[in-house]
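The data block below is structure_28.pdb; it holds PDB, C-alpha atoms, pLDDT in the B column.
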ATOM      1  CA  MET A  11       0.000   0.000   0.000  1.00 75.00           C
ATOM      2  CA  SER A  12       1.359   3.412  -0.925  1.00 86.00           C
ATOM      3  CA  ASP A  13      -0.490   6.694  -0.740  1.00 92.00           C
ATOM      4  CA  ILE A  14       1.741   9.418  -2.128  1.00 95.00           C
ATOM      5  CA  ARG A  15      -0.547  12.175  -0.898  1.00 96.00           C
ATOM      6  CA  GLU A  16      -0.262  10.972   2.688  1.00 96.00           C
ATOM      7  CA  SER A  17       3.485  10.445   2.330  1.00 96.00           C
ATOM      8  CA  ILE A  18       3.920  14.027   1.091  1.00 97.00           C
ATOM      9  CA  LEU A  19       1.845  15.485   3.912  1.00 97.00           C
ATOM     10  CA  ALA A  20       3.593  13.440   6.580  1.00 97.00           C
ATOM     11  CA  ARG A  21       6.987  14.444   5.225  1.00 98.00           C
ATOM     12  CA  LEU A  22       5.870  18.074   4.988  1.00 98.00           C
ATOM     13  CA  VAL A  23       5.183  18.092   8.728  1.00 98.00           C
ATOM     14  CA  GLU A  24       8.642  16.633   9.351  1.00 98.00           C
ATOM     15  CA  VAL A  25      10.249  19.315   7.190  1.00 98.00           C
ATOM     16  CA  VAL A  26       8.327  22.122   8.886  1.00 98.00           C
ATOM     17  CA  ALA A  27       9.452  20.775  12.262  1.00 97.00           C
ATOM     18  CA  THR A  28      13.072  21.466  11.278  1.00 97.00           C
ATOM     19  CA  VAL A  29      12.443  25.220  10.932  1.00 96.00           C
ATOM     20  CA  PRO A  30      14.408  26.955  13.705  1.00 94.00           C
ATOM     21  CA  ASN A  31      12.669  28.769  16.585  1.00 93.00           C
ATOM     22  CA  LEU A  32       9.213  27.196  16.236  1.00 95.00           C
ATOM     23  CA  ARG A  33       7.647  26.133  19.536  1.00 95.00           C
ATOM     24  CA  THR A  34       4.781  24.162  18.022  1.00 96.00           C
ATOM     25  CA  VAL A  35       4.233  22.210  14.799  1.00 97.00           C
ATOM     26  CA  LYS A  36       0.873  20.519  14.235  1.00 96.00           C
ATOM     27  CA  ARG A  37      -1.100  19.048  11.371  1.00 96.00           C
ATOM     28  CA  ASN A  38      -4.717  19.970  10.669  1.00 95.00           C
ATOM     29  CA  ASP A  39      -5.156  21.504  14.095  1.00 91.00           C
ATOM     30  CA  THR A  40      -6.904  24.847  13.679  1.00 86.00           C
ATOM     31  CA  ASP A  41      -7.048  25.745  17.358  1.00 87.00           C
ATOM     32  CA  TYR A  42      -4.519  28.543  17.361  1.00 88.00           C
ATOM     33  CA  PHE A  43      -3.832  30.360  20.622  1.00 87.00           C
ATOM     34  CA  SER A  44      -1.137  32.457  22.196  1.00 84.00           C
ATOM     35  CA  ALA A  45       0.586  29.797  24.291  1.00 87.00           C
ATOM     36  CA  LEU A  46       1.567  27.834  21.159  1.00 91.00           C
ATOM     37  CA  MET A  47       3.408  30.669  19.439  1.00 90.00           C
ATOM     38  CA  PRO A  48       5.559  30.759  17.468  1.00 94.00           C
ATOM     39  CA  ALA A  49       3.746  27.937  15.771  1.00 95.00           C
ATOM     40  CA  ALA A  50       3.297  26.353  12.363  1.00 96.00           C
ATOM     41  CA  PHE A  51       0.262  24.371  11.256  1.00 96.00           C
ATOM     42  CA  VAL A  52       0.266  22.161   8.185  1.00 97.00           C
ATOM     43  CA  LEU A  53      -3.203  21.918   6.661  1.00 96.00           C
ATOM     44  CA  ASP A  54      -3.953  19.141   4.177  1.00 95.00           C
ATOM     45  CA  GLY A  55      -4.796  20.657   0.843  1.00 90.00           C
ATOM     46  CA  ASP A  56      -7.516  19.969  -1.668  1.00 93.00           C
ATOM     47  CA  GLU A  57      -6.593  17.449  -4.373  1.00 94.00           C
ATOM     48  CA  ASP A  58      -7.537  17.829  -8.037  1.00 93.00           C
ATOM     49  CA  VAL A  59      -6.825  15.752 -11.109  1.00 90.00           C
ATOM     50  CA  VAL A  60      -4.525  17.597 -13.479  1.00 89.00           C
ATOM     51  CA  SER A  61      -6.420  18.695 -16.558  1.00 83.00           C
ATOM     52  CA  GLY A  62      -6.182  16.173 -19.396  1.00 79.00           C
ATOM     53  CA  ASN A  63      -5.860  13.159 -17.075  1.00 72.00           C
ATOM     54  CA  GLU A  64      -9.531  12.560 -16.484  1.00 69.00           C
ATOM     55  CA  GLY A  65     -12.015  10.489 -18.371  1.00 66.00           C
ATOM     56  CA  SER A  66     -10.472   7.563 -20.214  1.00 69.00           C
ATOM     57  CA  ARG A  67     -10.496   3.866 -19.308  1.00 74.00           C
ATOM     58  CA  PRO A  68      -9.460   1.842 -17.474  1.00 82.00           C
ATOM     59  CA  SER A  69     -10.850   3.695 -14.461  1.00 80.00           C
ATOM     60  CA  ASN A  70      -8.006   2.576 -12.230  1.00 83.00           C
ATOM     61  CA  ARG A  71      -5.200   3.764 -14.486  1.00 81.00           C
ATOM     62  CA  PRO A  72      -2.607   6.105 -12.892  1.00 84.00           C
ATOM     63  CA  LEU A  73      -3.573   9.778 -12.780  1.00 87.00           C
ATOM     64  CA  LEU A  74      -1.563  12.920 -12.307  1.00 91.00           C
ATOM     65  CA  VAL A  75      -3.017  14.989  -9.462  1.00 94.00           C
ATOM     66  CA  GLU A  76      -2.274  18.224  -7.659  1.00 96.00           C
ATOM     67  CA  MET A  77      -2.598  19.096  -3.987  1.00 97.00           C
ATOM     68  CA  SER A  78      -2.256  22.561  -2.436  1.00 96.00           C
ATOM     69  CA  PRO A  79      -1.528  22.313   1.290  1.00 96.00           C
ATOM     70  CA  GLU A  80      -1.141  25.444   3.392  1.00 95.00           C
ATOM     71  CA  ILE A  81       1.311  26.135   6.143  1.00 96.00           C
ATOM     72  CA  HIS A  82       0.099  28.696   8.666  1.00 95.00           C
ATOM     73  CA  VAL A  83       2.765  30.358  10.764  1.00 95.00           C
ATOM     74  CA  ILE A  84       1.647  32.456  13.723  1.00 93.00           C
ATOM     75  CA  GLU A  85       3.906  34.492  15.954  1.00 92.00           C
ATOM     76  CA  GLN A  86       3.413  36.930  18.802  1.00 88.00           C
ATOM     77  CA  SER A  87       6.128  39.269  19.986  1.00 85.00           C
ATOM     78  CA  GLY A  88       6.913  42.848  20.952  1.00 76.00           C
ATOM     79  CA  THR A  89       7.845  43.711  17.382  1.00 76.00           C
ATOM     80  CA  ILE A  90       6.636  41.506  14.565  1.00 83.00           C
ATOM     81  CA  GLY A  91       8.738  41.787  11.440  1.00 83.00           C
ATOM     82  CA  SER A  92      11.927  40.043  10.502  1.00 88.00           C
ATOM     83  CA  ASP A  93      11.011  36.964  12.560  1.00 88.00           C
ATOM     84  CA  ILE A  94       8.015  36.265  10.303  1.00 90.00           C
ATOM     85  CA  THR A  95      10.181  36.898   7.247  1.00 91.00           C
ATOM     86  CA  ALA A  96      12.728  34.394   8.534  1.00 93.00           C
ATOM     87  CA  PHE A  97      10.062  31.694   8.956  1.00 94.00           C
ATOM     88  CA  ARG A  98       8.926  32.233   5.364  1.00 95.00           C
ATOM     89  CA  ARG A  99      12.468  32.120   4.047  1.00 96.00           C
ATOM     90  CA  ASP A 100      13.300  28.899   5.911  1.00 96.00           C
ATOM     91  CA  LEU A 101      10.043  27.202   4.919  1.00 97.00           C
ATOM     92  CA  VAL A 102      10.339  27.977   1.220  1.00 97.00           C
ATOM     93  CA  LYS A 103      13.954  26.827   1.113  1.00 97.00           C
ATOM     94  CA  LEU A 104      13.435  23.665   3.117  1.00 97.00           C
ATOM     95  CA  VAL A 105      10.292  22.506   1.311  1.00 97.00           C
ATOM     96  CA  LEU A 106      11.452  23.160  -2.242  1.00 97.00           C
ATOM     97  CA  ALA A 107      14.886  21.646  -1.644  1.00 97.00           C
ATOM     98  CA  ASP A 108      13.808  18.596   0.337  1.00 97.00           C
ATOM     99  CA  ALA A 109      15.042  15.478  -1.431  1.00 97.00           C
ATOM    100  CA  THR A 110      12.325  13.236  -0.011  1.00 97.00           C
ATOM    101  CA  LEU A 111       9.486  15.517  -1.069  1.00 97.00           C
ATOM    102  CA  ASN A 112      10.953  15.922  -4.534  1.00 97.00           C
ATOM    103  CA  SER A 113      11.386  12.179  -4.838  1.00 96.00           C
ATOM    104  CA  LEU A 114       7.783  11.533  -3.767  1.00 96.00           C
ATOM    105  CA  THR A 115       6.421  13.726  -6.564  1.00 95.00           C
ATOM    106  CA  GLY A 116       7.992  11.435  -9.165  1.00 91.00           C
ATOM    107  CA  SER A 117       9.425  12.149 -12.593  1.00 90.00           C
ATOM    108  CA  ASN A 118       6.229  13.840 -13.867  1.00 88.00           C
ATOM    109  CA  GLY A 119       5.596  15.739 -10.667  1.00 92.00           C
ATOM    110  CA  ALA A 120       6.725  19.027  -9.218  1.00 95.00           C
ATOM    111  CA  ILE A 121       6.680  21.226  -6.137  1.00 97.00           C
ATOM    112  CA  GLN A 122       5.729  24.853  -6.615  1.00 97.00           C
ATOM    113  CA  TYR A 123       5.705  27.754  -4.209  1.00 97.00           C
ATOM    114  CA  LEU A 124       2.401  29.568  -4.879  1.00 97.00           C
ATOM    115  CA  GLY A 125       2.883  32.527  -2.551  1.00 96.00           C
ATOM    116  CA  CYS A 126       1.899  33.710   0.882  1.00 94.00           C
ATOM    117  CA  ASP A 127      -0.572  36.015   2.633  1.00 93.00           C
ATOM    118  CA  SER A 128       0.126  37.919   5.804  1.00 91.00           C
ATOM    119  CA  THR A 129      -2.105  39.171   8.619  1.00 90.00           C
ATOM    120  CA  PHE A 130      -1.239  41.441  11.530  1.00 90.00           C
ATOM    121  CA  ALA A 131      -3.157  42.508  14.641  1.00 90.00           C
ATOM    122  CA  TRP A 132      -2.874  42.887  18.401  1.00 90.00           C
ATOM    123  CA  LEU A 133      -3.504  40.478  21.211  1.00 89.00           C
ATOM    124  CA  GLU A 134      -1.500  40.892  24.411  1.00 89.00           C
ATOM    125  CA  LYS A 135       1.424  41.438  22.075  1.00 90.00           C
ATOM    126  CA  GLN A 136       1.665  42.188  18.414  1.00 90.00           C
ATOM    127  CA  TRP A 137       0.518  39.209  16.432  1.00 90.00           C
ATOM    128  CA  GLY A 138       1.474  38.169  12.914  1.00 92.00           C
ATOM    129  CA  GLY A 139       0.225  35.372  10.722  1.00 92.00           C
ATOM    130  CA  LEU A 140       1.575  34.004   7.493  1.00 93.00           C
ATOM    131  CA  GLN A 141      -0.271  31.607   5.187  1.00 94.00           C
ATOM    132  CA  ILE A 142       2.203  29.927   2.850  1.00 96.00           C
ATOM    133  CA  ARG A 143       0.879  27.910  -0.075  1.00 96.00           C
ATOM    134  CA  PHE A 144       2.576  25.167  -2.053  1.00 97.00           C
ATOM    135  CA  ARG A 145       1.351  22.996  -4.903  1.00 98.00           C
ATOM    136  CA  PHE A 146       2.477  19.371  -5.179  1.00 98.00           C
ATOM    137  CA  LYS A 147       1.937  17.534  -8.446  1.00 97.00           C
ATOM    138  CA  TYR A 148       2.322  13.744  -8.158  1.00 95.00           C
ATOM    139  CA  PRO A 149       0.956  10.498  -9.544  1.00 92.00           C
ATOM    140  CA  LEU A 150      -2.122   8.882  -8.046  1.00 91.00           C
ATOM    141  CA  ILE A 151      -1.473   5.195  -8.591  1.00 86.00           C
ATOM    142  CA  VAL A 152      -4.831   3.664  -7.797  1.00 84.00           C
ATOM    143  CA  ASN A 153      -3.602   0.066  -7.682  1.00 85.00           C
ATOM    144  CA  ASP A 154      -1.025   0.983  -5.012  1.00 85.00           C
ATOM    145  CA  LEU A 155      -3.549   2.527  -2.623  1.00 85.00           C
TER     146      LEU A 155
ATOM    147  CA  MET B   6     -32.746  69.839  31.984  1.00 62.00           C
ATOM    148  CA  SER B   7     -29.686  67.726  31.155  1.00 83.00           C
ATOM    149  CA  LEU B   8     -28.842  64.671  33.182  1.00 90.00           C
ATOM    150  CA  ASP B   9     -25.533  64.508  35.007  1.00 91.00           C
ATOM    151  CA  TYR B  10     -24.188  61.206  33.707  1.00 90.00           C
ATOM    152  CA  SER B  11     -21.088  61.368  35.886  1.00 90.00           C
ATOM    153  CA  ARG B  12     -23.190  61.398  39.048  1.00 91.00           C
ATOM    154  CA  LEU B  13     -26.021  59.174  37.858  1.00 92.00           C
ATOM    155  CA  LEU B  14     -24.103  56.594  35.825  1.00 92.00           C
ATOM    156  CA  TYR B  15     -20.320  56.604  36.073  1.00 93.00           C
ATOM    157  CA  ASP B  16     -19.984  57.205  39.824  1.00 93.00           C
ATOM    158  CA  PRO B  17     -22.128  54.225  40.878  1.00 95.00           C
ATOM    159  CA  VAL B  18     -20.701  51.956  38.164  1.00 96.00           C
ATOM    160  CA  TYR B  19     -17.105  52.722  39.075  1.00 96.00           C
ATOM    161  CA  ALA B  20     -17.952  52.396  42.770  1.00 96.00           C
ATOM    162  CA  ALA B  21     -19.372  48.936  42.127  1.00 97.00           C
ATOM    163  CA  ILE B  22     -16.971  47.365  39.618  1.00 97.00           C
ATOM    164  CA  GLY B  23     -14.015  49.750  39.453  1.00 97.00           C
ATOM    165  CA  VAL B  24     -10.711  48.523  40.813  1.00 98.00           C
ATOM    166  CA  PRO B  25      -7.736  50.450  42.148  1.00 98.00           C
ATOM    167  CA  ALA B  26      -4.974  51.068  39.627  1.00 98.00           C
ATOM    168  CA  THR B  27      -1.922  53.177  39.059  1.00 98.00           C
ATOM    169  CA  MET B  28      -1.055  54.990  35.866  1.00 98.00           C
ATOM    170  CA  ASP B  29       2.640  55.825  35.799  1.00 97.00           C
ATOM    171  CA  GLY B  30       2.490  55.681  39.585  1.00 96.00           C
ATOM    172  CA  THR B  31      -0.610  57.848  40.071  1.00 97.00           C
ATOM    173  CA  ALA B  32      -3.584  56.187  41.772  1.00 98.00           C
ATOM    174  CA  ILE B  33      -6.771  56.011  39.685  1.00 98.00           C
ATOM    175  CA  THR B  34      -9.792  53.724  39.316  1.00 98.00           C
ATOM    176  CA  VAL B  35     -10.290  51.543  36.245  1.00 98.00           C
ATOM    177  CA  ILE B  36     -12.795  49.002  35.019  1.00 98.00           C
ATOM    178  CA  ASP B  37     -10.988  45.905  33.800  1.00 97.00           C
ATOM    179  CA  ASP B  38     -12.086  45.326  30.211  1.00 96.00           C
ATOM    180  CA  THR B  39      -9.725  42.495  29.329  1.00 93.00           C
ATOM    181  CA  ARG B  40     -11.682  40.234  27.007  1.00 91.00           C
ATOM    182  CA  PRO B  41     -11.246  37.249  24.720  1.00 90.00           C
ATOM    183  CA  LYS B  42     -10.303  38.123  21.178  1.00 89.00           C
ATOM    184  CA  VAL B  43     -10.519  36.094  17.981  1.00 89.00           C
ATOM    185  CA  LEU B  44      -8.543  37.079  14.896  1.00 86.00           C
ATOM    186  CA  PRO B  45      -8.823  35.634  11.399  1.00 82.00           C
ATOM    187  CA  ALA B  46      -5.749  33.765  10.196  1.00 79.00           C
ATOM    188  CA  GLY B  47      -6.401  32.623   6.658  1.00 76.00           C
ATOM    189  CA  THR B  48      -8.825  29.740   6.843  1.00 77.00           C
ATOM    190  CA  SER B  49      -8.554  29.564  10.639  1.00 81.00           C
ATOM    191  CA  ASP B  50      -8.776  31.817  13.680  1.00 85.00           C
ATOM    192  CA  VAL B  51      -6.342  32.754  16.404  1.00 87.00           C
ATOM    193  CA  ARG B  52      -7.694  33.001  19.924  1.00 88.00           C
ATOM    194  CA  GLY B  53      -6.101  35.286  22.446  1.00 89.00           C
ATOM    195  CA  THR B  54      -6.674  38.025  24.954  1.00 90.00           C
ATOM    196  CA  GLY B  55      -7.331  41.676  24.235  1.00 93.00           C
ATOM    197  CA  PRO B  56      -6.380  43.531  27.401  1.00 96.00           C
ATOM    198  CA  GLY B  57      -8.156  46.818  28.024  1.00 97.00           C
ATOM    199  CA  ALA B  58      -9.413  49.150  30.750  1.00 98.00           C
ATOM    200  CA  PHE B  59     -11.960  51.941  31.055  1.00 98.00           C
ATOM    201  CA  VAL B  60     -11.092  55.133  32.912  1.00 98.00           C
ATOM    202  CA  ARG B  61     -13.095  58.307  33.473  1.00 97.00           C
ATOM    203  CA  ILE B  62     -11.527  61.272  31.747  1.00 96.00           C
ATOM    204  CA  PRO B  63     -12.418  63.691  34.602  1.00 95.00           C
ATOM    205  CA  GLU B  64     -10.462  61.456  36.979  1.00 96.00           C
ATOM    206  CA  LEU B  65      -7.435  61.534  34.680  1.00 97.00           C
ATOM    207  CA  GLU B  66      -7.650  65.314  34.472  1.00 96.00           C
ATOM    208  CA  ALA B  67      -8.066  65.633  38.228  1.00 96.00           C
ATOM    209  CA  ASN B  68      -4.841  63.671  38.597  1.00 97.00           C
ATOM    210  CA  GLU B  69      -3.072  65.830  35.989  1.00 96.00           C
ATOM    211  CA  ILE B  70      -2.618  62.891  33.608  1.00 97.00           C
ATOM    212  CA  ALA B  71      -2.774  64.716  30.282  1.00 94.00           C
ATOM    213  CA  ARG B  72      -3.816  63.115  26.999  1.00 94.00           C
ATOM    214  CA  ASP B  73      -0.262  63.395  25.714  1.00 95.00           C
ATOM    215  CA  ASP B  74       0.831  61.186  28.615  1.00 95.00           C
ATOM    216  CA  TRP B  75      -1.503  58.277  27.834  1.00 97.00           C
ATOM    217  CA  GLN B  76       0.495  56.593  25.092  1.00 95.00           C
ATOM    218  CA  ASP B  77       2.985  54.064  26.532  1.00 95.00           C
ATOM    219  CA  ALA B  78       1.918  54.830  30.111  1.00 97.00           C
ATOM    220  CA  LEU B  79       2.315  51.974  32.585  1.00 97.00           C
ATOM    221  CA  LEU B  80      -1.088  50.849  33.881  1.00 98.00           C
ATOM    222  CA  VAL B  81      -1.146  48.463  36.831  1.00 97.00           C
ATOM    223  CA  PHE B  82      -4.355  46.844  38.065  1.00 97.00           C
ATOM    224  CA  ASN B  83      -5.647  43.493  39.249  1.00 96.00           C
ATOM    225  CA  GLY B  84      -2.101  42.250  39.749  1.00 95.00           C
ATOM    226  CA  ARG B  85      -0.980  42.809  36.159  1.00 95.00           C
ATOM    227  CA  SER B  86       1.116  45.470  34.484  1.00 96.00           C
ATOM    228  CA  TRP B  87       0.377  46.765  31.008  1.00 97.00           C
ATOM    229  CA  LEU B  88       1.450  49.496  28.634  1.00 97.00           C
ATOM    230  CA  VAL B  89      -1.105  51.684  26.862  1.00 97.00           C
ATOM    231  CA  ARG B  90      -0.652  51.047  23.148  1.00 95.00           C
ATOM    232  CA  SER B  91      -3.728  52.950  21.951  1.00 96.00           C
ATOM    233  CA  TYR B  92      -7.041  54.286  23.178  1.00 97.00           C
ATOM    234  CA  GLU B  93     -10.665  54.945  22.206  1.00 95.00           C
ATOM    235  CA  LEU B  94     -12.602  57.931  23.476  1.00 95.00           C
ATOM    236  CA  ARG B  95     -16.085  56.836  24.517  1.00 92.00           C
ATOM    237  CA  GLY B  96     -17.648  60.252  24.986  1.00 87.00           C
ATOM    238  CA  SER B  97     -20.732  60.926  27.063  1.00 90.00           C
ATOM    239  CA  PRO B  98     -24.050  62.751  26.597  1.00 90.00           C
ATOM    240  CA  ASN B  99     -22.419  65.532  28.652  1.00 91.00           C
ATOM    241  CA  GLY B 100     -19.471  65.754  26.260  1.00 90.00           C
ATOM    242  CA  GLU B 101     -16.263  63.941  25.532  1.00 90.00           C
ATOM    243  CA  ASP B 102     -14.408  65.556  28.428  1.00 91.00           C
ATOM    244  CA  LEU B 103     -16.903  64.086  30.899  1.00 93.00           C
ATOM    245  CA  GLY B 104     -16.860  60.621  29.383  1.00 94.00           C
ATOM    246  CA  GLU B 105     -14.603  57.615  29.443  1.00 96.00           C
ATOM    247  CA  VAL B 106     -11.567  56.432  27.589  1.00 97.00           C
ATOM    248  CA  ARG B 107     -10.910  52.788  26.837  1.00 97.00           C
ATOM    249  CA  PHE B 108      -7.227  52.060  26.985  1.00 98.00           C
ATOM    250  CA  LEU B 109      -6.047  49.304  24.639  1.00 97.00           C
ATOM    251  CA  LEU B 110      -3.148  47.594  26.362  1.00 97.00           C
ATOM    252  CA  LYS B 111      -0.146  45.490  25.536  1.00 94.00           C
ATOM    253  CA  ALA B 112       2.132  43.307  27.569  1.00 91.00           C
ATOM    254  CA  VAL B 113       5.222  44.798  29.117  1.00 92.00           C
ATOM    255  CA  ASP B 114       8.167  43.221  27.314  1.00 76.00           C
ATOM    256  CA  GLU B 115      10.340  41.171  29.595  1.00 57.00           C
TER     257      GLU B 115
END

Using the file provided, produce a representation of the structure as structure tokens.
Amino acid sequence: MSDIRESILARLVEVVATVPNLRTVKRNDTDYFSALMPAAFVLDGDEDVVSGNEGSRPSNRPLLVEMSPEIHVIEQSGTIGSDITAFRRDLVKLVLADATLNSLTGSNGAIQYLGCDSTFAWLEKQWGGLQIRFRFKYPLIVNDL
Amino acid sequence: MSLDYSRLLYDPVYAAIGVPATMDGTAITVIDDTRPKVLPAGTSDVRGTGPGAFVRIPELEANEIARDDWQDALLVFNGRSWLVRSYELRGSPNGEDLGEVRFLLKAVDE
């Protein structure tokens, strides 16, 4: 049994956990609160069949699919700024260069950095959030599931 | 005949739920308005605390705490110390100078 989607997501959490200065790394946990910060949350992304792969028989033939997981980084400090930038820089470098993730996507696959959104506000301290988006293209081999 | 909101409203409210505080060392009375706060973070929310306190503007003036002194003032009440990061004037039917101010607070950096 081999589920490339799950392997990518599990490895993504491992890669995010290597980012320096994070106190918390969780997957699919959307309960964000101050005591966890600085924290990163890996959210499983939607999966879509790449255009042109759908429709022909046999139904269980391999497909090329895309998944777009998000990594949310939240931080609270006296002065939000370069610390958030550093998290983004480390995450983009580590994810795109990770040999295991690149290997999992296969010869027809790819990893793309899609961009990030930022949010700032006040709690007890200044709070900053970063939503970083990647796209993974990889084969869905139905007979291996 | 206009109503005296300081005497009819603020005095009894502050007498009942006001707590002793100091603002840069000067004794005043505040109402603790620290409340839960939820902020959007992409597809999720962040939960935290939004510390705040109400103070009567006449009391600040009586203690010679001028508006220019509010920003970054140290406010101590209910066993916690905060810095004023911003404020909202709440006004009153008798005019802004007889109303309240809500101080928006931030943690004192260690």

(request) Name the closest residue to chain B among the candidates A:Pro30, A:Gly119, A:Gly139, A:Pro68; distances are taken between atoms, counting only C-alpha atoms. (result) A:Gly139

(request) Take the ChimeraX specification (/B :<8) & /A, apply it to the structure above, and return the hits as a VMD selection string. (result) chain A and resid 40 to 44 82 88 127 129 131 to 135 139 to 141

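Counting only C-alpha atoms, the residue from B:Glu66, B:Leu80, B:Ala32, B:Arg61 that sits nearest to Arg12 (chain B) is B:Arg61.
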
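The shell of residues at most 8 Å from Tyr10 (chain B), with all atoms listed in the file counted and near chain neighbours (fewer than 4 positions) removed, consists of Leu14, Tyr15, Ser97, Pro98 and Asn99 of chain B.
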
(message) When you look at Met77 (chain A) with a cut-off of 10 Å (counting all atoms listed in the file), what residues show up, excluding the ones that are within fewer than 4 positions of it in the same chain? I need them as a PyMOL selection string.
(response) chain A and resi 15+18-19+54-60+121+144-148

(request) Can you work out the spacing between CA of Glu69 (chain B) and CA of Thr27 (chain B) in Å, to one decimal? (result)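 According to the coordinates, CA of Glu69 (chain B) and CA of Thr27 (chain B) are separated by 13.1 Å.
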
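Between Leu94 (chain B) and the residues B:Val81, B:Ala58, B:Ile70, B:Ile22, the shortest atom-to-atom distance, using only C-alpha atoms, involves B:Ala58.
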
(request) Using all atoms listed in the file, pick whichever of B:Gly23, B:Asn68, B:Arg40, B:Gln76 has the shortest atom-to-atom distance to Leu88 (chain B). (result)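 Looking only at the distances to Leu88 (chain B), the closest residue turns out to be B:Gln76.
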